[in-house]
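Engineer: Got a structure for you, data.cif, holding mmCIF, C-alpha atoms.
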data_protein
#
loop_
_atom_site.group_PDB
_atom_site.id
_atom_site.type_symbol
_atom_site.label_atom_id
_atom_site.label_comp_id
_atom_site.auth_asym_id
_atom_site.auth_seq_id
_atom_site.Cartn_x
_atom_site.Cartn_y
_atom_site.Cartn_z
ATOM 1 C CA MET A 1 -40.116 31.886 -8.577
ATOM 2 C CA ASN A 2 -42.962 33.518 -6.630
ATOM 3 C CA ARG A 3 -42.839 31.260 -3.612
ATOM 4 C CA THR A 4 -44.037 31.917 -0.071
ATOM 5 C CA LEU A 5 -43.676 29.777 3.014
ATOM 6 C CA VAL A 6 -46.821 28.087 4.346
ATOM 7 C CA THR A 7 -46.680 25.636 7.245
ATOM 8 C CA VAL A 8 -48.460 22.327 6.605
ATOM 9 C CA ALA A 9 -48.496 18.953 8.300
ATOM 10 C CA GLY A 10 -45.273 17.113 7.591
ATOM 11 C CA GLY A 11 -43.249 20.048 6.346
ATOM 12 C CA VAL A 12 -43.235 23.440 4.661
ATOM 13 C CA LEU A 13 -45.188 24.174 1.527
ATOM 14 C CA LEU A 14 -43.825 26.666 -0.995
ATOM 15 C CA ALA A 15 -46.945 28.211 -2.471
ATOM 16 C CA ALA A 16 -47.261 30.330 -5.601
ATOM 17 C CA VAL A 17 -49.895 32.388 -7.271
ATOM 18 C CA GLY A 18 -50.874 30.480 -10.411
ATOM 19 C CA THR A 19 -51.200 31.861 -13.907
ATOM 20 C CA THR A 20 -54.137 31.376 -16.217
ATOM 21 C CA GLY A 21 -55.048 32.239 -19.763
ATOM 22 C CA VAL A 22 -57.294 35.093 -20.792
ATOM 23 C CA ALA A 23 -61.041 34.629 -20.405
ATOM 24 C CA VAL A 24 -63.026 35.685 -23.442
ATOM 25 C CA ALA A 25 -65.310 37.862 -21.346
ATOM 26 C CA ASP A 26 -62.304 39.787 -20.000
ATOM 27 C CA ALA A 27 -60.322 39.931 -23.235
ATOM 28 C CA SER A 28 -59.655 42.988 -25.333
ATOM 29 C CA PRO A 29 -61.096 42.889 -28.875
ATOM 30 C CA GLN A 30 -57.666 41.836 -30.144
ATOM 31 C CA GLN A 31 -57.414 39.048 -27.575
ATOM 32 C CA ALA A 32 -60.955 37.916 -28.318
ATOM 33 C CA ARG A 33 -60.125 37.619 -32.023
ATOM 34 C CA ALA A 34 -57.077 35.544 -31.176
ATOM 35 C CA LEU A 35 -59.083 33.268 -28.897
ATOM 36 C CA THR A 36 -61.776 32.844 -31.531
ATOM 37 C CA ALA A 37 -59.062 31.694 -33.945
ATOM 38 C CA ALA A 38 -57.870 29.003 -31.520
ATOM 39 C CA ALA A 39 -59.155 26.229 -33.767
ATOM 40 C CA ASP A 40 -56.536 27.273 -36.343
ATOM 41 C CA CYS A 41 -53.707 26.945 -33.828
ATOM 42 C CA ARG A 42 -52.773 23.277 -34.194
ATOM 43 C CA PRO A 43 -50.367 21.105 -36.167
ATOM 44 C CA LEU A 44 -51.543 21.604 -39.740
ATOM 45 C CA THR A 45 -49.621 18.706 -41.279
ATOM 46 C CA GLY A 46 -48.431 15.326 -40.028
ATOM 47 C CA ALA A 47 -46.574 15.707 -36.735
ATOM 48 C CA SER A 48 -45.015 13.432 -34.137
ATOM 49 C CA ALA A 49 -46.573 13.158 -30.707
ATOM 50 C CA GLN A 50 -43.724 15.230 -29.281
ATOM 51 C CA ALA A 51 -44.149 17.990 -31.866
ATOM 52 C CA THR A 52 -47.920 17.973 -31.392
ATOM 53 C CA ALA A 53 -47.479 18.436 -27.659
ATOM 54 C CA ILE A 54 -45.143 21.402 -28.194
ATOM 55 C CA VAL A 55 -47.557 23.071 -30.611
ATOM 56 C CA ASN A 56 -50.533 22.427 -28.330
ATOM 57 C CA ALA A 57 -48.703 23.966 -25.376
ATOM 58 C CA ALA A 58 -47.999 27.130 -27.373
ATOM 59 C CA CYS A 59 -51.551 27.260 -28.684
ATOM 60 C CA SER A 60 -52.914 27.010 -25.144
ATOM 61 C CA GLN A 61 -51.565 30.551 -24.634
ATOM 62 C CA LEU A 62 -53.323 32.074 -27.629
ATOM 63 C CA GLY A 63 -54.589 35.543 -26.740
ATOM 64 C CA VAL A 64 -52.147 36.087 -23.854
ATOM 65 C CA PRO A 65 -50.508 39.532 -24.186
ATOM 66 C CA TYR A 66 -46.973 40.071 -25.435
ATOM 67 C CA SER A 67 -44.725 41.362 -22.657
ATOM 68 C CA TRP A 68 -41.039 42.122 -23.268
ATOM 69 C CA GLY A 69 -39.009 39.821 -21.009
ATOM 70 C CA GLY A 70 -42.203 38.173 -19.780
ATOM 71 C CA GLY A 71 -42.926 34.487 -19.363
ATOM 72 C CA SER A 72 -41.275 31.377 -17.930
ATOM 73 C CA ILE A 73 -41.535 27.601 -18.247
ATOM 74 C CA HIS A 74 -44.541 27.854 -15.919
ATOM 75 C CA GLY A 75 -46.563 30.471 -17.828
ATOM 76 C CA PRO A 76 -47.004 34.231 -18.301
ATOM 77 C CA THR A 77 -45.229 36.685 -15.999
ATOM 78 C CA PHE A 78 -44.889 40.449 -15.812
ATOM 79 C CA GLY A 79 -42.208 41.647 -18.204
ATOM 80 C CA GLN A 80 -39.830 44.582 -18.305
ATOM 81 C CA ASP A 81 -40.263 48.100 -19.641
ATOM 82 C CA TYR A 82 -38.759 48.139 -23.125
ATOM 83 C CA PRO A 83 -35.857 50.636 -23.027
ATOM 84 C CA GLY A 84 -36.659 51.842 -26.526
ATOM 85 C CA GLY A 85 -40.073 53.099 -25.398
ATOM 86 C CA GLY A 86 -43.041 52.732 -27.706
ATOM 87 C CA PRO A 87 -45.794 50.151 -27.016
ATOM 88 C CA GLY A 88 -43.478 48.202 -24.699
ATOM 89 C CA ALA A 89 -42.629 51.144 -22.437
ATOM 90 C CA HIS A 90 -44.923 49.786 -19.711
ATOM 91 C CA ASP A 91 -44.520 46.036 -20.168
ATOM 92 C CA SER A 92 -43.574 45.689 -16.480
ATOM 93 C CA LYS A 93 -47.325 46.061 -15.909
ATOM 94 C CA VAL A 94 -48.261 43.518 -18.611
ATOM 95 C CA LYS A 95 -48.447 39.819 -17.749
ATOM 96 C CA GLY A 96 -47.560 37.731 -20.766
ATOM 97 C CA PHE A 97 -44.784 36.281 -22.941
ATOM 98 C CA ASP A 98 -42.093 37.547 -25.217
ATOM 99 C CA CYS A 99 -41.161 35.411 -28.219
ATOM 100 C CA SER A 100 -38.398 33.332 -26.654
ATOM 101 C CA HIS A 101 -40.238 32.669 -23.405
ATOM 102 C CA LEU A 102 -43.305 31.425 -25.297
ATOM 103 C CA VAL A 103 -41.032 28.998 -27.168
ATOM 104 C CA GLN A 104 -39.302 27.993 -23.927
ATOM 105 C CA TYR A 105 -42.684 27.418 -22.238
ATOM 106 C CA ALA A 106 -44.024 25.309 -25.109
ATOM 107 C CA ALA A 107 -40.899 23.139 -25.351
ATOM 108 C CA TRP A 108 -40.869 22.481 -21.617
ATOM 109 C CA GLN A 109 -44.583 22.009 -21.001
ATOM 110 C CA GLY A 110 -45.104 20.017 -24.185
ATOM 111 C CA ALA A 111 -42.065 17.762 -24.259
ATOM 112 C CA GLY A 112 -39.867 18.394 -21.220
ATOM 113 C CA ILE A 113 -37.227 19.998 -23.461
ATOM 114 C CA ALA A 114 -35.166 22.586 -21.576
ATOM 115 C CA LEU A 115 -34.281 25.465 -23.898
ATOM 116 C CA PRO A 116 -32.099 28.401 -22.825
ATOM 117 C CA GLU A 117 -33.477 31.920 -22.502
ATOM 118 C CA GLY A 118 -33.094 34.402 -25.345
ATOM 119 C CA SER A 119 -33.952 33.846 -29.003
ATOM 120 C CA TRP A 120 -30.257 34.058 -29.996
ATOM 121 C CA ASN A 121 -29.329 31.372 -27.469
ATOM 122 C CA GLN A 122 -32.196 29.177 -28.602
ATOM 123 C CA ALA A 123 -31.019 29.585 -32.198
ATOM 124 C CA LYS A 124 -27.578 28.263 -31.178
ATOM 125 C CA TRP A 125 -28.930 25.453 -28.957
ATOM 126 C CA SER A 126 -26.577 22.481 -29.146
ATOM 127 C CA GLY A 127 -29.419 20.005 -28.715
ATOM 128 C CA ALA A 128 -31.024 20.755 -32.095
ATOM 129 C CA SER A 129 -31.699 17.523 -34.001
ATOM 130 C CA ALA A 130 -31.737 19.269 -37.413
ATOM 131 C CA ARG A 131 -31.100 22.717 -38.884
ATOM 132 C CA PHE A 132 -32.460 24.373 -42.010
ATOM 133 C CA THR A 133 -31.111 27.353 -43.937
ATOM 134 C CA ARG A 134 -33.126 30.291 -45.247
ATOM 135 C CA ALA A 135 -32.438 29.035 -48.780
ATOM 136 C CA GLN A 136 -34.364 25.814 -48.051
ATOM 137 C CA GLY A 137 -37.524 27.754 -47.293
ATOM 138 C CA LEU A 138 -40.403 25.946 -45.605
ATOM 139 C CA ALA A 139 -40.410 22.733 -47.664
ATOM 140 C CA PRO A 140 -38.409 20.563 -45.212
ATOM 141 C CA LEU A 141 -40.065 21.914 -42.068
ATOM 142 C CA GLU A 142 -42.425 20.071 -39.734
ATOM 143 C CA PRO A 143 -44.818 21.341 -37.047
ATOM 144 C CA GLY A 144 -42.922 22.162 -33.870
ATOM 145 C CA ASP A 145 -39.810 23.424 -35.680
ATOM 146 C CA LEU A 146 -38.520 26.812 -34.522
ATOM 147 C CA LEU A 147 -38.399 29.650 -37.057
ATOM 148 C CA LEU A 148 -35.733 32.353 -36.751
ATOM 149 C CA TRP A 149 -35.326 35.992 -37.774
ATOM 150 C CA ALA A 150 -32.070 37.936 -37.455
ATOM 151 C CA SER A 151 -30.690 41.347 -38.335
ATOM 152 C CA SER A 152 -27.868 39.438 -40.061
ATOM 153 C CA PRO A 153 -29.421 36.105 -41.129
ATOM 154 C CA GLY A 154 -26.092 34.317 -41.378
ATOM 155 C CA ASN A 155 -25.186 35.132 -37.759
ATOM 156 C CA HIS A 156 -27.202 33.440 -34.994
ATOM 157 C CA ASP A 157 -25.891 35.989 -32.481
ATOM 158 C CA THR A 158 -28.163 38.545 -34.185
ATOM 159 C CA VAL A 159 -31.389 36.481 -33.960
ATOM 160 C CA HIS A 160 -34.096 38.733 -32.498
ATOM 161 C CA HIS A 161 -37.305 36.759 -33.051
ATOM 162 C CA ILE A 162 -38.380 33.121 -32.832
ATOM 163 C CA ALA A 163 -41.696 31.345 -33.478
ATOM 164 C CA ILE A 164 -43.145 27.827 -33.708
ATOM 165 C CA TYR A 165 -44.094 26.365 -37.068
ATOM 166 C CA LEU A 166 -47.598 24.891 -37.463
ATOM 167 C CA GLY A 167 -47.336 23.718 -41.073
ATOM 168 C CA ASN A 168 -48.849 25.003 -44.335
ATOM 169 C CA GLY A 169 -47.021 28.329 -44.014
ATOM 170 C CA LYS A 170 -48.484 29.172 -40.587
ATOM 171 C CA MET A 171 -46.847 29.760 -37.215
ATOM 172 C CA VAL A 172 -47.755 30.684 -33.637
ATOM 173 C CA GLU A 173 -45.802 33.552 -32.120
ATOM 174 C CA ALA A 174 -45.543 36.244 -29.476
ATOM 175 C CA ARG A 175 -44.722 38.995 -31.924
ATOM 176 C CA GLU A 176 -44.325 42.388 -30.265
ATOM 177 C CA SER A 177 -45.607 44.683 -27.527
ATOM 178 C CA GLY A 178 -49.212 45.717 -27.986
ATOM 179 C CA THR A 179 -50.190 42.378 -29.561
ATOM 180 C CA VAL A 180 -51.106 38.956 -28.187
ATOM 181 C CA VAL A 181 -49.944 35.388 -28.812
ATOM 182 C CA MET A 182 -51.344 34.713 -32.288
ATOM 183 C CA VAL A 183 -51.313 32.579 -35.415
ATOM 184 C CA SER A 184 -49.543 34.310 -38.317
ATOM 185 C CA ASP A 185 -48.324 33.637 -41.832
ATOM 186 C CA VAL A 186 -44.610 32.822 -41.850
ATOM 187 C CA ARG A 187 -42.703 35.933 -42.930
ATOM 188 C CA LEU A 188 -40.105 34.836 -45.483
ATOM 189 C CA ASN A 189 -38.585 38.295 -45.592
ATOM 190 C CA ALA A 190 -34.980 39.473 -45.799
ATOM 191 C CA GLN A 191 -34.423 38.732 -42.095
ATOM 192 C CA TYR A 192 -35.685 35.153 -42.152
ATOM 193 C CA ALA A 193 -32.717 33.107 -40.879
ATOM 194 C CA GLY A 194 -33.883 29.496 -41.233
ATOM 195 C CA ALA A 195 -35.122 27.054 -38.612
ATOM 196 C CA LEU A 196 -34.146 24.312 -36.200
ATOM 197 C CA ARG A 197 -35.797 21.118 -35.012
ATOM 198 C CA ILE A 198 -35.945 20.407 -31.294
ATOM 199 C CA THR A 199 -37.969 17.185 -31.342
ATOM 200 C CA ASN A 200 -36.744 13.557 -31.434
ATOM 201 C CA HIS A 201 -35.135 13.845 -28.010
ATOM 202 C CA GLU A 202 -34.906 11.185 -25.342
ATOM 203 C CA GLN A 203 -37.962 11.139 -23.134
ATOM 204 C CA PRO A 204 -37.890 10.795 -19.327
ATOM 205 C CA PRO A 205 -37.283 7.280 -17.977
ATOM 206 C CA ALA A 206 -40.404 5.251 -17.212
ATOM 207 C CA ASN A 207 -42.294 6.232 -14.050
ATOM 208 C CA THR A 208 -40.419 9.515 -13.642
ATOM 209 C CA LYS A 209 -41.527 13.120 -13.942
ATOM 210 C CA ARG A 210 -39.321 15.869 -15.379
ATOM 211 C CA PHE A 211 -38.625 19.108 -13.502
ATOM 212 C CA MET A 212 -36.208 22.014 -13.859
ATOM 213 C CA THR A 213 -33.745 22.910 -11.117
ATOM 214 C CA TRP A 214 -32.549 26.389 -10.235
ATOM 215 C CA GLY A 215 -29.355 27.733 -8.683
ATOM 216 C CA THR A 216 -25.713 26.973 -9.438
ATOM 217 C CA GLY A 217 -23.443 24.343 -7.927
ATOM 218 C CA VAL A 218 -26.368 22.399 -6.455
ATOM 219 C CA GLY A 219 -25.097 19.227 -4.814
ATOM 220 C CA LEU A 220 -26.715 15.849 -5.479
ATOM 221 C CA ARG A 221 -26.278 13.586 -2.455
ATOM 222 C CA PRO A 222 -26.071 9.811 -1.963
ATOM 223 C CA GLU A 223 -28.835 10.050 0.648
ATOM 224 C CA ALA A 224 -31.617 12.479 1.609
ATOM 225 C CA GLY A 225 -29.338 14.743 3.602
ATOM 226 C CA THR A 226 -26.099 16.694 3.540
ATOM 227 C CA GLY A 227 -24.074 14.370 5.751
ATOM 228 C CA LYS A 228 -22.083 12.868 2.880
ATOM 229 C CA PRO A 229 -20.181 14.604 0.047
ATOM 230 C CA PRO A 230 -22.087 15.308 -3.183
ATOM 231 C CA VAL A 231 -22.130 12.666 -5.897
ATOM 232 C CA THR A 232 -21.956 15.540 -8.369
ATOM 233 C CA ARG A 233 -22.982 19.181 -8.660
ATOM 234 C CA LEU A 234 -25.279 20.788 -11.211
ATOM 235 C CA PRO A 235 -23.514 23.803 -12.756
ATOM 236 C CA GLY A 236 -26.776 25.652 -13.402
ATOM 237 C CA PRO A 237 -30.484 25.134 -14.088
ATOM 238 C CA THR A 238 -30.860 21.553 -15.313
ATOM 239 C CA ALA A 239 -33.718 19.289 -16.401
ATOM 240 C CA VAL A 240 -33.911 16.337 -13.989
ATOM 241 C CA ASP A 241 -36.148 13.256 -13.899
ATOM 242 C CA VAL A 242 -37.617 12.499 -10.469
ATOM 243 C CA LEU A 243 -38.587 8.930 -9.566
ATOM 244 C CA CYS A 244 -39.926 9.483 -6.040
ATOM 245 C CA GLN A 245 -39.595 11.755 -3.010
ATOM 246 C CA ALA A 246 -39.201 11.335 0.748
ATOM 247 C CA TYR A 247 -38.785 13.331 3.939
ATOM 248 C CA GLY A 248 -35.159 13.776 4.982
ATOM 249 C CA GLU A 249 -32.863 16.367 6.479
ATOM 250 C CA THR A 250 -34.342 19.846 6.836
ATOM 251 C CA VAL A 251 -32.529 22.322 4.591
ATOM 252 C CA THR A 252 -32.677 26.124 4.584
ATOM 253 C CA ALA A 253 -31.445 28.037 1.544
ATOM 254 C CA GLU A 254 -32.264 31.338 -0.150
ATOM 255 C CA GLY A 255 -34.853 32.086 2.545
ATOM 256 C CA TYR A 256 -36.710 28.773 2.106
ATOM 257 C CA THR A 257 -36.907 25.794 4.446
ATOM 258 C CA ASN A 258 -37.894 22.298 3.337
ATOM 259 C CA ASN A 259 -37.365 18.716 4.483
ATOM 260 C CA VAL A 260 -38.387 16.922 1.276
ATOM 261 C CA TRP A 261 -35.839 15.295 -1.059
ATOM 262 C CA SER A 262 -36.256 13.786 -4.534
ATOM 263 C CA TYR A 263 -34.469 10.766 -5.935
ATOM 264 C CA LEU A 264 -32.931 11.179 -9.413
ATOM 265 C CA PRO A 265 -32.293 7.737 -10.964
ATOM 266 C CA THR A 266 -30.135 9.158 -13.769
ATOM 267 C CA TYR A 267 -27.610 10.346 -11.171
ATOM 268 C CA LYS A 268 -28.390 7.693 -8.525
ATOM 269 C CA ALA A 269 -28.580 10.581 -6.093
ATOM 270 C CA TRP A 270 -30.925 12.835 -4.110
ATOM 271 C CA ILE A 271 -31.659 16.557 -4.413
ATOM 272 C CA SER A 272 -33.326 18.837 -1.879
ATOM 273 C CA ASN A 273 -36.697 19.927 -3.253
ATOM 274 C CA ILE A 274 -35.732 23.518 -2.458
ATOM 275 C CA TYR A 275 -33.744 23.422 -5.689
ATOM 276 C CA ILE A 276 -36.599 22.041 -7.816
ATOM 277 C CA ASP A 277 -38.242 24.874 -9.750
ATOM 278 C CA ASP A 278 -41.799 24.147 -8.652
ATOM 279 C CA PRO A 279 -44.019 26.136 -6.273
ATOM 280 C CA ALA A 280 -44.800 23.097 -4.093
ATOM 281 C CA ALA A 281 -42.447 21.613 -1.495
ATOM 282 C CA TRP A 282 -43.966 18.142 -2.036
ATOM 283 C CA LEU A 283 -43.843 17.778 -5.805
ATOM 284 C CA PRO A 284 -47.186 17.124 -7.512
ATOM 285 C CA GLY A 285 -47.590 13.820 -9.310
ATOM 286 C CA VAL A 286 -44.482 12.263 -7.744
ATOM 287 C CA PRO A 287 -44.983 9.241 -5.426
ATOM 288 C CA ALA A 288 -43.353 8.717 -2.067
ATOM 289 C CA CYS A 289 -40.256 6.524 -2.060
#
Written as structure tokens, how would this file's structure read?
Structural biologist:
Amino acid sequence: MNRTLVTVAGGVLLAAVGTTGVAVADASPQQARALTAAADCRPLTGASAQATAIVNAACSQLGVPYSWGGGSIHGPTFGQDYPGGGPGAHDSKVKGFDCSHLVQYAAWQGAGIALPEGSWNQAKWSGASARFTRAQGLAPLEPGDLLLWASSPGNHDTVHHIAIYLGNGKMVEARESGTVVMVSDVRLNAQYAGALRITNHEQPPANTKRFMTWGTGVGLRPEAGTGKPPVTRLPGPTAVDVLCQAYGETVTAEGYTNNVWSYLPTYKAWISNIYIDDPAAWLPGVPAC
């Protein structure tokens, strides 16, 4: 999280530099072609509202560069230099997505679905509502399903690429260094390893907004402070549904200070907003309690 401390009335604001897509005027010829093709990046067959939202979130990044290790649930980030060299040798200077982070971004921004990092981990995700083998081909697939490729197609630990199905044999993907997020034909080659469905999941309770936490062992408290023992602890980054927020005890952690707490109705408990993965101390779109 790129957060800096800014003093504001009523508390401390954690500010971040935002990310945006690529403007056509500033795009490379390859990016410009991808942006021009944006009309083709959409659900191409009947899709649920949840699947449509996932596809639309991915398509909103059309033309953004591929960057190995780049991307988050919030948008493009600078990646890492690919150790094998080649076009990705300088991806630490490229702001964009790799394949799994594009999928993670689309699932979160489109439907509030929290996928793990890494294409192999996403392939093994326990929350999948359906799975499809390579032998089934594309016939049973729907827009929003995740397509997999692996060095050993029968072993999800070897999955090395993931993309989002659009329908009619098309997909949107962050393919490799030197390219941009694009619409492609599905490659039913020897490494195609099947697909999984991530839609049909429970949506946030009414009048709540979903956020991701960060950190491990984060305590959820019965009140907006640390005076009482935790109701429970979150073992790691977790999707939480916030009903409202209020000023409470000032907390300092990991170099940040904040006095805003959010109420989580699912847990009947409060969490310090320091541990909400959002650049703002007072969460946007969440009412006061």
Engineer: So what do you get for atom CA of Ala281 of chain A versus atom CA of Glu202 of chain A, distance-wise?
Structural biologist: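 Separation between atom CA of Ala281 of chain A and atom CA of Glu202 of chain A: 27.1 Å.
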Engineer: Evaluated on this file, the PyMOL selection byres ((chain A and resi 193-201) around 7) picks out some residues - which ones are they, written as a list in words?
Structural biologist: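 Output from the PyMOL selection byres ((chain A and resi 193-201) around 7), applied to this file: Gln50, Ala51, Ala128, Ser129, Ala130, Arg131, Phe132, Thr133, Arg134, Asp145, Leu146, Leu147, Leu148, Trp149, Ala150, Pro153, Gly154, Gln191, Tyr192, Glu202 and Gln203 of chain A.
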Engineer: Would you mind exporting C-alpha atoms of the selected residues as a compact mmCIF listing (two decimals), keeping the file's coordinate frame?
Structural biologist:
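Dumped to out_3.txt:
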# COMPACT_ATOMS: atom_id res chain seq x y z
CA GLN A 50 -43.72 15.23 -29.28
CA ALA A 51 -44.15 17.99 -31.87
CA ALA A 128 -31.02 20.76 -32.10
CA SER A 129 -31.70 17.52 -34.00
CA ALA A 130 -31.74 19.27 -37.41
CA ARG A 131 -31.10 22.72 -38.88
CA PHE A 132 -32.46 24.37 -42.01
CA THR A 133 -31.11 27.35 -43.94
CA ARG A 134 -33.13 30.29 -45.25
CA ASP A 145 -39.81 23.42 -35.68
CA LEU A 146 -38.52 26.81 -34.52
CA LEU A 147 -38.40 29.65 -37.06
CA LEU A 148 -35.73 32.35 -36.75
CA TRP A 149 -35.33 35.99 -37.77
CA ALA A 150 -32.07 37.94 -37.46
CA PRO A 153 -29.42 36.10 -41.13
CA GLY A 154 -26.09 34.32 -41.38
CA GLN A 191 -34.42 38.73 -42.10
CA TYR A 192 -35.68 35.15 -42.15
CA GLU A 202 -34.91 11.18 -25.34
CA GLN A 203 -37.96 11.14 -23.13
Engineer: Work out how far apart atom CA of Gln136 of chain A and atom CA of Val55 of chain A are and give it in Å to one decimal.
Structural biologist: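 These atoms are spaced 22.0 Å apart.
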Engineer: For a quick check of understanding, using all atoms listed in the file, which of A:Glu176, A:Asp157, A:Glu223, A:Asp241 has the smallest distance to Lys124 of chain A?
Structural biologist: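 Between A:Glu176, A:Asp157, A:Glu223, A:Asp241, the residue approaching Lys124 of chain A most closely is A:Asp157.
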Engineer: To verify the selection step, state as a VMD selection string which residues the PyMOL selection byres ((chain A and resi 93) around 10) yields on this input.
Structural biologist: chain A and resid 67 77 to 81 88 to 92 94 to 96
Engineer: Could you please determine the separation between atom CA of Ser272 of chain A and atom CA of Ala288 of chain A in Å, to one decimal place?
Structural biologist: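 Taking atom CA of Ser272 of chain A and atom CA of Ala288 of chain A, their separation equals 14.2 Å.
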Engineer: Select, from A:Gly110, A:Gly84, A:Pro116, A:Gly248, the residue with the minimum atom-to-atom distance to Arg221 of chain A, counting all atoms listed in the file.
Structural biologist: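 Among the listed residues, A:Gly248 lies closest to Arg221 of chain A.
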Engineer: Excluding same-chain residues fewer than 5 positions from Trp108 of chain A, what lies within 8 Å of it counting only C-alpha atoms, as an mmCIF file with C-alpha atoms, keeping the file's coordinate frame?
Structural biologist:
data_model
loop_
_atom_site.group_PDB
_atom_site.id
_atom_site.type_symbol
_atom_site.label_atom_id
_atom_site.label_comp_id
_atom_site.auth_asym_id
_atom_site.auth_seq_id
_atom_site.Cartn_x
_atom_site.Cartn_y
_atom_site.Cartn_z
ATOM 1 C CA ILE A 54 -45.143 21.402 -28.194
ATOM 2 C CA ILE A 73 -41.535 27.601 -18.247
ATOM 3 C CA ILE A 113 -37.227 19.998 -23.461
ATOM 4 C CA ALA A 114 -35.166 22.586 -21.576
ATOM 5 C CA LEU A 115 -34.281 25.465 -23.898
#
Engineer: Given the PyMOL selection byres ((chain A and resi 210-214) around 7) and the file above, list the residues it selects as a ChimeraX atom specification.
Structural biologist: /A:112,204,208-209,215-216,236-242,275-277
Engineer: Of the residues A:Thr226, A:Gln104, A:Pro235, A:Val286, which is the one nearest to Ala269 of chain A, using all atoms listed in the file?
Structural biologist: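 The answer is A:Thr226, which sits nearest to Ala269 of chain A.
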Engineer: Name the closest residue to Leu44 of chain A among the candidates A:Arg187, A:Lys170, A:Arg175, A:Arg233; distances are taken between atoms, counting all atoms listed in the file.
Structural biologist: A:Lys170
Engineer: Residues at most 6 Å from Phe97 of chain A, counting all atoms listed in the file, excluding those fewer than 6 positions away in the same chain, as a PDB file with C-alpha atoms, in the frame of the given file?
Structural biologist:
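For reference, around.pdb as written:
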ATOM      1  CA  TYR A  66     -46.973  40.071 -25.435  1.00  0.00           C
ATOM      2  CA  SER A  67     -44.725  41.362 -22.657  1.00  0.00           C
ATOM      3  CA  GLY A  70     -42.203  38.173 -19.780  1.00  0.00           C
ATOM      4  CA  GLY A  71     -42.926  34.487 -19.363  1.00  0.00           C
ATOM      5  CA  PRO A  76     -47.004  34.231 -18.301  1.00  0.00           C
TER       6      PRO A  76
END
Engineer: Determine the nearest neighbour of Pro229 of chain A from the options A:Trp282, A:Trp270, A:Trp68, A:Tyr165, counting all atoms listed in the file.
Structural biologist: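 Ranked by minimum distance to Pro229 of chain A, first place goes to A:Trp270.
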Engineer: Work out where the centre of an axis-aligned box around every listed atom of segment 125-139 of chain A lies and how long its edges are once 5 Å is added on each side; give both in Å to one decimal as lines of an AutoDock Vina configuration file.
Structural biologist:
center_x = -33.5
center_y = 23.9
center_z = -38.7
size_x = 23.8
size_y = 22.8
size_z = 30.1
Engineer: Smallest atom-to-atom distance to Ser177 of chain A: which of A:Tyr267, A:Tyr82, A:Thr158, A:Pro284, using all atoms listed in the file?
Structural biologist: A:Tyr82
